[in-house]
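Text of upload.cif, listed as mmCIF, C-alpha atoms:
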data_run
loop_
_atom_site.label_atom_id
_atom_site.label_comp_id
_atom_site.auth_asym_id
_atom_site.auth_seq_id
_atom_site.Cartn_x
_atom_site.Cartn_y
_atom_site.Cartn_z
CA CYS A 15 -0.92 -17.22 -18.24
CA LEU A 16 -2.30 -15.85 -15.01
CA LEU A 17 -2.17 -18.01 -11.94
CA PRO A 18 -5.19 -17.88 -9.62
CA LEU A 19 -4.13 -16.52 -6.26
CA THR A 20 -5.36 -19.61 -4.47
CA SER A 21 -3.17 -21.89 -6.57
CA VAL A 22 0.13 -20.14 -5.83
CA LYS A 23 2.20 -22.21 -3.42
CA ALA A 24 4.81 -20.20 -1.56
CA ALA A 25 6.17 -20.03 1.95
CA PRO A 26 5.19 -16.90 3.87
CA ASP A 27 8.86 -15.93 3.92
CA SER A 28 9.08 -15.19 0.19
CA ALA A 29 8.39 -12.36 -2.21
CA VAL A 30 5.28 -14.08 -3.54
CA GLY A 31 4.23 -15.08 -0.04
CA VAL A 32 4.13 -11.57 1.39
CA VAL A 33 2.19 -10.29 -1.63
CA ARG A 34 -0.20 -13.24 -1.52
CA ASP A 35 -0.94 -12.66 2.16
CA PHE A 36 -1.46 -8.94 1.68
CA GLN A 37 -3.75 -9.32 -1.32
CA ALA A 38 -5.78 -12.08 0.30
CA GLY A 39 -6.39 -9.83 3.29
CA VAL A 40 -7.36 -6.85 1.14
CA LEU A 41 -9.77 -9.03 -0.85
CA GLU A 42 -11.54 -10.16 2.32
CA VAL A 43 -11.97 -6.52 3.37
CA LEU A 44 -13.21 -5.60 -0.12
CA LYS A 45 -15.93 -8.22 0.19
CA LYS A 46 -17.20 -6.39 3.30
CA VAL A 47 -17.55 -2.99 1.63
CA LYS A 48 -21.36 -3.14 1.77
CA THR A 49 -21.65 -4.67 5.23
CA MET A 50 -18.97 -2.82 7.18
CA ASP A 51 -18.38 0.92 7.50
CA VAL A 52 -15.10 2.69 6.76
CA GLN A 53 -13.93 2.60 10.36
CA GLY A 54 -14.58 -1.13 10.57
CA ARG A 55 -12.70 -1.86 7.36
CA PHE A 56 -9.85 0.36 8.54
CA GLY A 57 -9.57 -1.79 11.64
CA LEU A 58 -8.93 -4.80 9.42
CA VAL A 59 -6.60 -3.14 6.91
CA ALA A 60 -4.36 -1.31 9.41
CA PRO A 61 -2.77 -4.46 10.86
CA LEU A 62 -2.56 -5.96 7.38
CA THR A 63 -0.44 -3.07 6.08
CA LYS A 64 1.69 -3.03 9.21
CA GLN A 65 2.45 -6.74 8.93
CA ASN A 66 3.35 -6.74 5.23
CA MET A 67 4.66 -3.28 4.33
CA HIS A 68 7.96 -1.84 5.54
CA LEU A 69 6.33 1.47 6.46
CA THR A 70 9.46 2.97 8.01
CA LEU A 71 11.54 2.44 4.87
CA MET A 72 8.73 3.70 2.63
CA VAL A 73 8.12 6.94 4.53
CA ALA A 74 11.83 7.52 5.13
CA THR A 75 12.37 7.40 1.37
CA ALA A 76 9.34 9.56 0.65
CA SER A 77 10.37 12.22 3.18
CA SER A 78 14.09 12.25 2.34
CA PRO A 79 16.26 14.20 3.11
CA TYR A 80 14.20 15.66 5.97
CA TRP A 81 13.84 12.24 7.58
CA ARG A 82 17.52 12.10 8.50
CA GLY A 83 17.31 15.29 10.53
CA GLY A 84 14.20 14.32 12.46
CA SER A 85 14.09 13.32 16.11
CA GLU A 86 13.13 9.79 17.12
CA THR A 87 9.75 11.09 18.30
CA GLN A 88 9.11 12.84 14.99
CA LYS A 89 10.07 9.73 13.03
CA ALA A 90 7.80 7.50 15.11
CA ASN A 91 4.88 9.91 14.72
CA LEU A 92 5.48 10.19 10.99
CA VAL A 93 5.46 6.41 10.55
CA LYS A 94 2.15 6.25 12.45
CA ALA A 95 0.62 9.05 10.35
CA PHE A 96 1.87 7.47 7.10
CA HIS A 97 0.48 4.11 8.14
CA ARG A 98 -2.88 5.62 9.05
CA MET A 99 -3.11 7.52 5.77
CA GLY A 100 -2.15 4.47 3.71
CA ALA A 101 -4.65 2.17 5.38
CA SER A 102 -7.47 4.73 5.19
CA SER A 103 -6.72 5.19 1.48
CA ILE A 104 -7.00 1.46 0.79
CA VAL A 105 -10.41 1.14 2.46
CA THR A 106 -11.86 4.04 0.46
CA LEU A 107 -10.59 2.98 -2.98
CA PHE A 108 -13.60 0.78 -3.75
CA ASP A 109 -17.33 1.47 -3.47
CA GLU A 110 -18.44 -2.11 -4.07
CA TYR A 111 -17.31 -5.66 -4.54
CA ASP A 112 -18.06 -7.04 -8.01
CA GLY A 113 -16.29 -10.37 -7.90
CA GLU A 114 -12.81 -8.88 -8.19
CA VAL A 115 -9.90 -11.25 -7.80
CA PHE A 116 -6.17 -10.79 -7.42
CA ARG A 117 -3.91 -12.86 -9.62
CA ILE A 118 -0.18 -13.40 -9.42
CA TRP A 119 1.20 -12.95 -12.92
CA ARG A 120 4.95 -13.32 -12.62
CA THR A 121 7.99 -12.42 -10.52
CA ARG A 122 11.02 -10.54 -11.77
CA LYS A 123 14.43 -10.29 -10.17
CA THR A 124 16.17 -6.93 -10.43
CA SER A 125 19.86 -6.09 -10.55
CA GLY A 126 19.58 -5.03 -6.90
CA PRO A 127 18.18 -6.72 -3.79
CA THR A 128 14.51 -6.35 -4.77
CA VAL A 129 12.09 -8.76 -6.41
CA LEU A 130 9.09 -7.48 -8.40
CA VAL A 131 5.84 -9.38 -8.07
CA ASP A 132 3.43 -8.55 -10.90
CA THR A 133 -0.26 -9.00 -10.19
CA LYS A 134 -3.57 -8.08 -11.73
CA ILE A 135 -6.88 -7.20 -10.11
CA GLY A 136 -10.24 -7.19 -11.78
CA ASN A 137 -13.51 -8.98 -12.33
CA PRO A 138 -12.92 -12.43 -13.89
CA LYS A 139 -14.79 -11.19 -16.95
CA ASP A 140 -12.80 -7.96 -17.12
CA GLN A 141 -10.79 -7.73 -20.34
CA ASP A 142 -8.58 -4.96 -18.96
CA PRO A 143 -7.65 -5.70 -15.33
CA THR A 144 -5.52 -3.24 -13.38
CA GLU A 145 -1.86 -4.18 -13.18
CA VAL A 146 -0.25 -3.80 -9.77
CA THR A 147 3.44 -4.52 -9.21
CA TYR A 148 4.74 -4.98 -5.68
CA VAL A 149 8.38 -4.16 -5.03
CA THR A 150 9.61 -6.54 -2.34
CA ALA A 151 12.86 -6.95 -0.43
CA LYS A 152 14.21 -9.21 2.28
CA ILE A 153 15.06 -7.09 5.30
CA GLN A 154 16.27 -8.44 8.63
CA GLY A 155 15.42 -12.00 7.74
CA ARG A 156 11.94 -11.60 6.24
CA TRP A 157 10.25 -10.29 3.11
CA TRP A 158 8.47 -6.94 2.99
CA ILE A 159 6.58 -4.88 0.43
CA ILE A 160 8.55 -1.64 0.03
CA ASP A 161 6.68 0.01 -2.85
CA VAL A 162 3.61 -0.47 -5.04
CA ILE A 163 3.56 0.40 -8.75
CA VAL A 164 0.16 0.76 -10.42
CA ALA A 165 -0.59 0.52 -14.15
CA GLY A 166 3.03 -0.03 -15.10
CA GLY A 167 4.43 3.25 -13.88
CA ILE A 168 2.85 4.97 -10.89
CA SER A 169 5.11 4.30 -7.90
CA GLU A 170 3.43 4.95 -4.57
CA VAL A 171 6.68 6.05 -2.92
CA LYS A 172 7.58 8.41 -5.78
CA VAL A 173 4.08 9.90 -5.81
CA ARG A 174 4.30 10.51 -2.08
CA LYS A 175 7.81 11.94 -2.33
CA ASN A 176 6.66 14.49 -4.92
CA GLU A 177 3.58 15.29 -2.88
CA PHE A 178 5.44 15.61 0.43
CA SER A 179 8.14 17.90 -0.96
CA ALA A 180 6.19 21.17 -0.71
CA VAL A 181 4.82 20.28 2.72
CA LEU A 182 8.27 19.47 4.05
CA GLN A 183 9.72 22.68 2.67
CA LYS A 184 6.97 24.60 4.41
CA GLY A 185 7.10 23.06 7.87
CA GLY A 186 9.31 20.00 8.02
CA LEU A 187 8.29 16.66 9.49
CA ASP A 188 5.82 18.14 11.98
CA GLU A 189 3.86 19.78 9.16
CA LEU A 190 3.82 16.54 7.19
CA ILE A 191 2.55 14.60 10.20
CA SER A 192 -0.27 17.12 10.60
CA VAL A 193 -1.20 17.01 6.91
CA LEU A 194 -1.27 13.20 6.79
CA ASN A 195 -3.41 12.92 9.91
CA ALA A 196 -5.83 15.53 8.59
CA ARG A 197 -6.18 13.62 5.32
CA SER A 198 -6.80 10.39 7.20
CA ASP A 199 -9.49 12.11 9.26
CA ARG A 200 -11.28 13.17 6.07
CA LEU A 201 -11.04 9.72 4.51
CA LEU A 202 -12.24 7.94 7.63
CA SER A 203 -15.13 10.36 8.04
CA GLY A 204 -16.39 9.48 4.56
CA LYS A 205 -15.91 13.02 3.28
CA GLU A 206 -13.24 11.96 0.79
CA LYS A 207 -12.31 8.84 -1.17
CA ALA A 208 -8.90 7.81 -2.35
CA VAL A 209 -8.17 7.41 -6.06
CA VAL A 210 -5.46 5.20 -7.50
CA GLY A 211 -2.44 7.29 -8.38
CA SER A 212 -3.78 10.48 -6.80
CA LYS A 213 -2.40 12.52 -3.96
#

Turn the structure described in the file into structure tokens.
Amino acid sequence: CLLPLTSVKAAPDSAVGVVRDFQAGVLEVLKKVKTMDVQGRFGLVAPLTKQNMHLTLMVATASSPYWRGGSETQKANLVKAFHRMGASSIVTLFDEYDGEVFRIWRTRKTSGPTVLVDTKIGNPKDQDPTEVTYVTAKIQGRWWIIDVIVAGGISEVKVRKNEFSAVLQKGGLDELISVLNARSDRLLSGKEKAVVGSK
């Protein structure tokens, strides 16, 4: 059965703990969708993603093999642009709060170093909640979210890798940085909204 998020007991330094903290923070921001503008919600989500997601690993994987040839300045700027785009996407996914809750469903160990944390989000009366699986790993002594899989098969990192490929071929890391920042500008201006599983 599903476990209510509030009933899950786990130390912050655990796979469940990092997911619990992230989801609890997102839920609080979701509740403010009608009382706080996009910029305000972004200000809350940006530190949340930075604290719980290993952004460097995620964007390095999504921009491989170009990442390896980039300068330290390019890499730092790409991490910032990726972070900004990810946070701005989260705050534009929902138009309203309708009593949605996150629930931890189960955890699954893999054959490698990662642990999968399966969750569901939806209205308590919703018969078909959205499944969200967080891929977590312990890196340098603490747990991080390193990928998010929606509806049983849409990996955020894989979607981004496919999307970034053409941009990287065209202009390398600098072009990707520019594209990500431009997309964030549109999302934060209210001209666009993110959609789960979309580019």

| Do you know which residues the PyMOL selection byres ((chain A and resi 152) around 9) returns on this file, as number ranges by chain? | A: 27-29, 127-129, 150-151, 153-159

| Quick one, how far is atom CA of A:Gly84 from atom CA of A:Ala196? |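 Atom CA of A:Gly84 sits 20.4 Å away from atom CA of A:Ala196.
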
Stretch 48-51 of chain A, all listed atoms, 4 Å padding on each side: what axis-aligned box centre and edge lengths in Å to one decimal come out, as JSON?
{"center_x": -20.0, "center_y": -1.9, "center_z": 4.6, "size_x": 11.3, "size_y": 13.6, "size_z": 13.7}

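Relative to atom CA of A:Trp119, atom CA of A:Lys175 is found at 27.8 Å.
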
| task | Give me the residues within 12 Å of A:Ala74 as a PyMOL selection string, counting only C-alpha atoms and dropping any in the same chain fewer than 6 places off. | result | chain A and resi 68+80-84+88-90+92-93+96+160+171-172+174-175+178+187

| request: Rank nothing, just name the residue among A:Leu130, A:Ala60, A:Val73, A:Leu190 nearest to A:Ser103, using all atoms listed in the file. | output: A:Ala60

| request: Using all atoms listed in the file, determine which residues lie at most 12 Å from A:Lys139, disregarding the query and same-chain residues fewer than 5 positions distant; provide the list as a list in words. | output: Asp112, Gly113, Glu114 and Val115 of chain A

| Who sits within 7 Å of A:Asn195, all atoms listed in the file, same chain under 4 positions skipped, as a list in words |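 So the residues in contact are Ala95, Met99, Ile191 and Asp199 of chain A.
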
| remark: Between atom CA of A:Asp109 and atom CA of A:Gly204 lies a distance of 11.4 Å

| task | Can you pull out every residue within 8 Å of A:Gly166, counting all atoms listed in the file, but drop anything in the same chain fewer than 3 positions away, and send it as a PyMOL selection string? | result | chain A and resi 145-147+163

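Checking A:Ser125, A:Ser77, A:Thr106, A:Thr87 one by one against A:Val43, counting only C-alpha atoms, you find the shortest gap at A:Thr106.
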
| request: List the neighbours of A:Lys46 out to 9 Å using all atoms listed in the file; skip same-chain residues closer than 6 positions along the sequence, and give me the result as a PyMOL selection string. | output: chain A and resi 55+110-111

| request: Determine the nearest neighbour of A:Ser198 from the options A:Gly126, A:Pro138, A:Gly31, A:Gly100, counting all atoms listed in the file. | output: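 Of A:Gly126, A:Pro138, A:Gly31, A:Gly100, the one nearest A:Ser198 is A:Gly100, counting all atoms listed in the file.
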
| request: Using all atoms listed in the file, pick whichever of A:Val173, A:Ile118, A:Leu71, A:Val164 has the shortest atom-to-atom distance to A:Gln37. | output: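 Going through A:Val173, A:Ile118, A:Leu71, A:Val164 one by one, the smallest distance to A:Gln37 is for A:Ile118.
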
| task | Point out the residue among A:Met67, A:Val193, A:Ala76, A:Val105 with the least atom-to-atom distance to A:Glu42, counting all atoms listed in the file. | result |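 Distance minimum relative to A:Glu42 lands on A:Val105.
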
| request: Specify as an MDAnalysis selection string each residue included when the PyMOL selection byres ((chain A and resi 133) around 12) is applied to this file. | output: chainID A and resid 15:19 22 30 33:34 36:37 115:122 130:132 134:136 143:149 162:166

Just to be explicit: take each residue in the selection above, keep C-alpha atoms, and write the result as an mmCIF file, in the coordinates of the input.
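This went into out_15.cif:
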data_model
loop_
_atom_site.group_PDB
_atom_site.id
_atom_site.type_symbol
_atom_site.label_atom_id
_atom_site.label_comp_id
_atom_site.auth_asym_id
_atom_site.auth_seq_id
_atom_site.Cartn_x
_atom_site.Cartn_y
_atom_site.Cartn_z
ATOM 1 C CA CYS A 15 -0.920 -17.220 -18.240
ATOM 2 C CA LEU A 16 -2.300 -15.850 -15.010
ATOM 3 C CA LEU A 17 -2.170 -18.010 -11.940
ATOM 4 C CA PRO A 18 -5.190 -17.880 -9.620
ATOM 5 C CA LEU A 19 -4.130 -16.520 -6.260
ATOM 6 C CA VAL A 22 0.130 -20.140 -5.830
ATOM 7 C CA VAL A 30 5.280 -14.080 -3.540
ATOM 8 C CA VAL A 33 2.190 -10.290 -1.630
ATOM 9 C CA ARG A 34 -0.200 -13.240 -1.520
ATOM 10 C CA PHE A 36 -1.460 -8.940 1.680
ATOM 11 C CA GLN A 37 -3.750 -9.320 -1.320
ATOM 12 C CA VAL A 115 -9.900 -11.250 -7.800
ATOM 13 C CA PHE A 116 -6.170 -10.790 -7.420
ATOM 14 C CA ARG A 117 -3.910 -12.860 -9.620
ATOM 15 C CA ILE A 118 -0.180 -13.400 -9.420
ATOM 16 C CA TRP A 119 1.200 -12.950 -12.920
ATOM 17 C CA ARG A 120 4.950 -13.320 -12.620
ATOM 18 C CA THR A 121 7.990 -12.420 -10.520
ATOM 19 C CA ARG A 122 11.020 -10.540 -11.770
ATOM 20 C CA LEU A 130 9.090 -7.480 -8.400
ATOM 21 C CA VAL A 131 5.840 -9.380 -8.070
ATOM 22 C CA ASP A 132 3.430 -8.550 -10.900
ATOM 23 C CA LYS A 134 -3.570 -8.080 -11.730
ATOM 24 C CA ILE A 135 -6.880 -7.200 -10.110
ATOM 25 C CA GLY A 136 -10.240 -7.190 -11.780
ATOM 26 C CA PRO A 143 -7.650 -5.700 -15.330
ATOM 27 C CA THR A 144 -5.520 -3.240 -13.380
ATOM 28 C CA GLU A 145 -1.860 -4.180 -13.180
ATOM 29 C CA VAL A 146 -0.250 -3.800 -9.770
ATOM 30 C CA THR A 147 3.440 -4.520 -9.210
ATOM 31 C CA TYR A 148 4.740 -4.980 -5.680
ATOM 32 C CA VAL A 149 8.380 -4.160 -5.030
ATOM 33 C CA VAL A 162 3.610 -0.470 -5.040
ATOM 34 C CA ILE A 163 3.560 0.400 -8.750
ATOM 35 C CA VAL A 164 0.160 0.760 -10.420
ATOM 36 C CA ALA A 165 -0.590 0.520 -14.150
ATOM 37 C CA GLY A 166 3.030 -0.030 -15.100
#

| field | Using all atoms listed in the file: which of A:Ser78, A:Ala208, A:Ser102, A:Asn66 has the shortest distance to A:Asp35 | value | A:Asn66
